[in-house]
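The structure appears right after this line, and notes come after that.
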Protein chains: 2
Amino acid sequence: MKLSNYLQNIVPFPTSELADIISYFEREKVQKNKPLVKEGQVCSKLYLVEEGVGRSFYLKEDGKEITQWFFVEGQFMSSIESFFQQNPSLYYLEMLEDSVVYSITRENLDLLFARYHNMEKLGRLLSTEMLTRVVNKLNAIQFQTARERYDYMLNEYPDIVNRVALGYIASYLGMTQETLSRIRKAETRNRS
Amino acid sequence: MKLSNYLQNIVPFPTSELADIISYFEREKVQKNKPLVKEGQVCSKLYLVEEGVGRSFYLKEDGKEITQWFFVEGQFMSSIESFFQQNPSLYYLEMLEDSVVYSITRENLDLLFARYHNMEKLGRLLSTEMLTRVVNKLNAIQFQTARERYDYMLNEYPDIVNRVALGYIASYLGMTQETLSRIRKAETRNRS
DNA sequence: TGTATTATTTGATCTAGGTCAAAAGAAACT
DNA sequence: AGTTTCTTTTGACCTAGATCAAATAATACA
């Protein structure tokens, strides 16, 4: 899908505004596993995934990677707090497949926020949507068993479950690889 | 502090706009433990705490209350997803002390968003700020031990720790009352 | 001030899910 | 096709924090 469609699905921009807005985005091809942002860097761009899956992850002291978030086609992707508060990112950002993304810098985005009321609205809607998603995940992590969390994932992101390595999903769900593997085994048994 | 100050601290509104905006807020005194929103209701108002502490909580099947969020002076308070997505709230909203709050309905807020670009901006800034807070809490819950979470709370919300019942804090931090009590005991021992 | 109610602490026990280590399966590379 | 490397599965064991139950301590109330 085209960038203009993604944007217009959120806020119905007049064509004139839309053309200007789009001119600030850049279309980039991104290689698998090539970091878009590294830990410690300030994340200067907001991405929109056109094709591929991305993730943000953080590195524990012992070197283990913990996936914080997945981003699929049509979703905006960034190291959220770093991008919005402009402080060093705690996370890495990478694509898990060779992908195509649109990007816009924080500066240009701010410029567009100031220039167009509609754009400000888009910003507001995107953050409340993201907010809802984070709240949902928080509830899942805080209140559900490992198994319930996986079921939730199967429902909400069936797509991702089949596209990315088990280890990534496990850490995203706040459990170990081994635990997720055992859950999967039990589920297959029940399903057959 | 006055409502106009809270708002102007976030976005510098021209006086004319400010007067109009403020006219849509209502000042309410709220009694301790009287629910502002009950589970199942759509949360129709956004509140700003002038005086007091509030919380949102949800009721587990077994009847236990789980605090989801605290709100102190100067903070906007609501059953977030319910207010923004206008679906039935999973949470109750109440003040833990006799309090004074400002409130605005979703309808009026939308009206102000449409009328003033500045107001839209305020909405965007508030949601990104809230987003950052939720992300931080998610990280705490997902990656830290019970004890680290309590220390985090002591730093970030020293205020709340001394103002509300231990049971509320424990459930907010995703642990049982007993566990928090034991942590506190251990901390006092170390401090002396 | 004494009694009822609610909040906090303490102790004993249990369990979901973690850790560590190794085997089995898949992919990727020559 | 054979070897190296990465991913997933399986097993044995362990620990943080939960649960259950009862004892204190603090507040509210008559």
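We name chains A, B, ... following the order of the structure tokens; residues begin at 1 in each chain, and ligands are numbered from 1 as shown.
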
Dump as a tab-separated table the rows for residues of chain B within 9 Å of chain D: closest atom pair and distance in Å with one decimal, only C-alpha atoms (C1' of nucleotides) counted, ordered by chain and rising residue number.
```
residue	atom	partner	partner_atom	distance
B:Thr145	CA	D:DA16	C1'	8.4
B:Ala146	CA	D:DG17	C1'	8.2
B:Met175	CA	D:DG17	C1'	7.9
B:Thr176	CA	D:DA18	C1'	7.5
B:Thr179	CA	D:DG17	C1'	7.1
```

Closest-contact table, chain C side, partner chain A, 9 Å, counting only C-alpha atoms (C1' of nucleotides), as a Markdown table:
```
| residue | atom | partner | partner_atom | distance |
| --- | --- | --- | --- | --- |
| C:DA16 | C1' | A:Thr145 | CA | 8.4 |
| C:DG17 | C1' | A:Thr179 | CA | 7.1 |
| C:DG18 | C1' | A:Thr176 | CA | 7.5 |
```

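Comparing B:Met95, B:Val134, B:Val164, B:Ala170 by their smallest distance to chain A, the closest is B:Val134 (using only C-alpha atoms).
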
When DSSP is applied to the backbone of this structure, which of segment 16-155 of chain B are assigned strand (DSSP E or B)? Write them out as a ChimeraX atom specification. /B:26-30,37,42,45-51,54-59,65-71,76-77,88,92-95,99-105

Restricted to C-alpha atoms, what would the selected residues look like written as a tab-separated table (two decimals), in the first residue's frame?
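Below is the file that was written, part-v1.tsv:
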```tsv
chain	number	residue	atom	x	y	z
B	26	GLU	CA	-15.77	21.92	35.27
B	27	ARG	CA	-14.36	21.98	38.79
B	28	GLU	CA	-15.66	19.12	40.94
B	29	LYS	CA	-15.13	18.05	44.51
B	30	VAL	CA	-14.90	14.32	44.72
B	37	VAL	CA	-16.14	5.44	36.59
B	42	VAL	CA	-17.72	4.10	28.96
B	45	LYS	CA	-14.62	12.42	31.00
B	46	LEU	CA	-11.01	13.31	31.30
B	47	TYR	CA	-9.99	14.59	34.71
B	48	LEU	CA	-7.14	16.74	35.89
B	49	VAL	CA	-6.26	16.32	39.55
B	50	GLU	CA	-5.98	19.62	41.37
B	51	GLU	CA	-5.79	18.16	44.84
B	54	GLY	CA	-6.57	9.00	42.40
B	55	ARG	CA	-6.16	5.52	41.03
B	56	SER	CA	-7.60	3.22	38.42
B	57	PHE	CA	-8.02	-0.40	39.37
B	58	TYR	CA	-9.55	-3.54	38.09
B	59	LEU	CA	-11.37	-6.35	39.82
B	65	GLU	CA	-8.48	-5.27	43.39
B	66	ILE	CA	-5.50	-4.60	41.18
B	67	THR	CA	-4.33	-1.02	40.98
B	68	GLN	CA	-3.43	-0.13	37.43
B	69	TRP	CA	-2.40	3.48	37.80
B	70	PHE	CA	-2.01	6.33	40.28
B	71	PHE	CA	-2.73	9.97	39.49
B	76	PHE	CA	-4.55	14.01	33.80
B	77	MET	CA	-6.58	11.03	34.90
B	88	PRO	CA	-16.54	-0.04	28.10
B	92	TYR	CA	-12.81	1.59	38.12
B	93	LEU	CA	-11.61	5.11	38.73
B	94	GLU	CA	-11.62	6.62	42.19
B	95	MET	CA	-9.94	9.19	44.40
B	99	SER	CA	-10.16	15.67	46.25
B	100	VAL	CA	-10.70	18.45	43.78
B	101	VAL	CA	-10.54	17.71	40.07
B	102	TYR	CA	-11.25	19.47	36.81
B	103	SER	CA	-13.18	17.53	34.23
B	104	ILE	CA	-14.01	17.80	30.57
B	105	THR	CA	-16.22	15.56	28.48
```

Pull out every residue of chain A that has at least one atom within 6 Å of chain B, counting only C-alpha atoms, and report them as a PyMOL selection string. chain A and resi 81+117+124+127-128+131-132+138

Name the residues of segment 20-109 of chain B that come out as helix (DSSP H, G or I) in a backbone DSSP run; write them as a ChimeraX atom specification. /B:20-22,80-85,106-109

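Computed from the coordinates, the atom CA of Ser89 of chain B to atom CA of Cys43 of chain B distance equals 6.4 Å.
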
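Counting from atom CA of Lys64 of chain B, the distance to atom CA of Tyr91 of chain B is 12.7 Å.
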
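Between atom CA of Glu107 of chain B and atom CA of Gln41 of chain B there is a distance of 16.1 Å.
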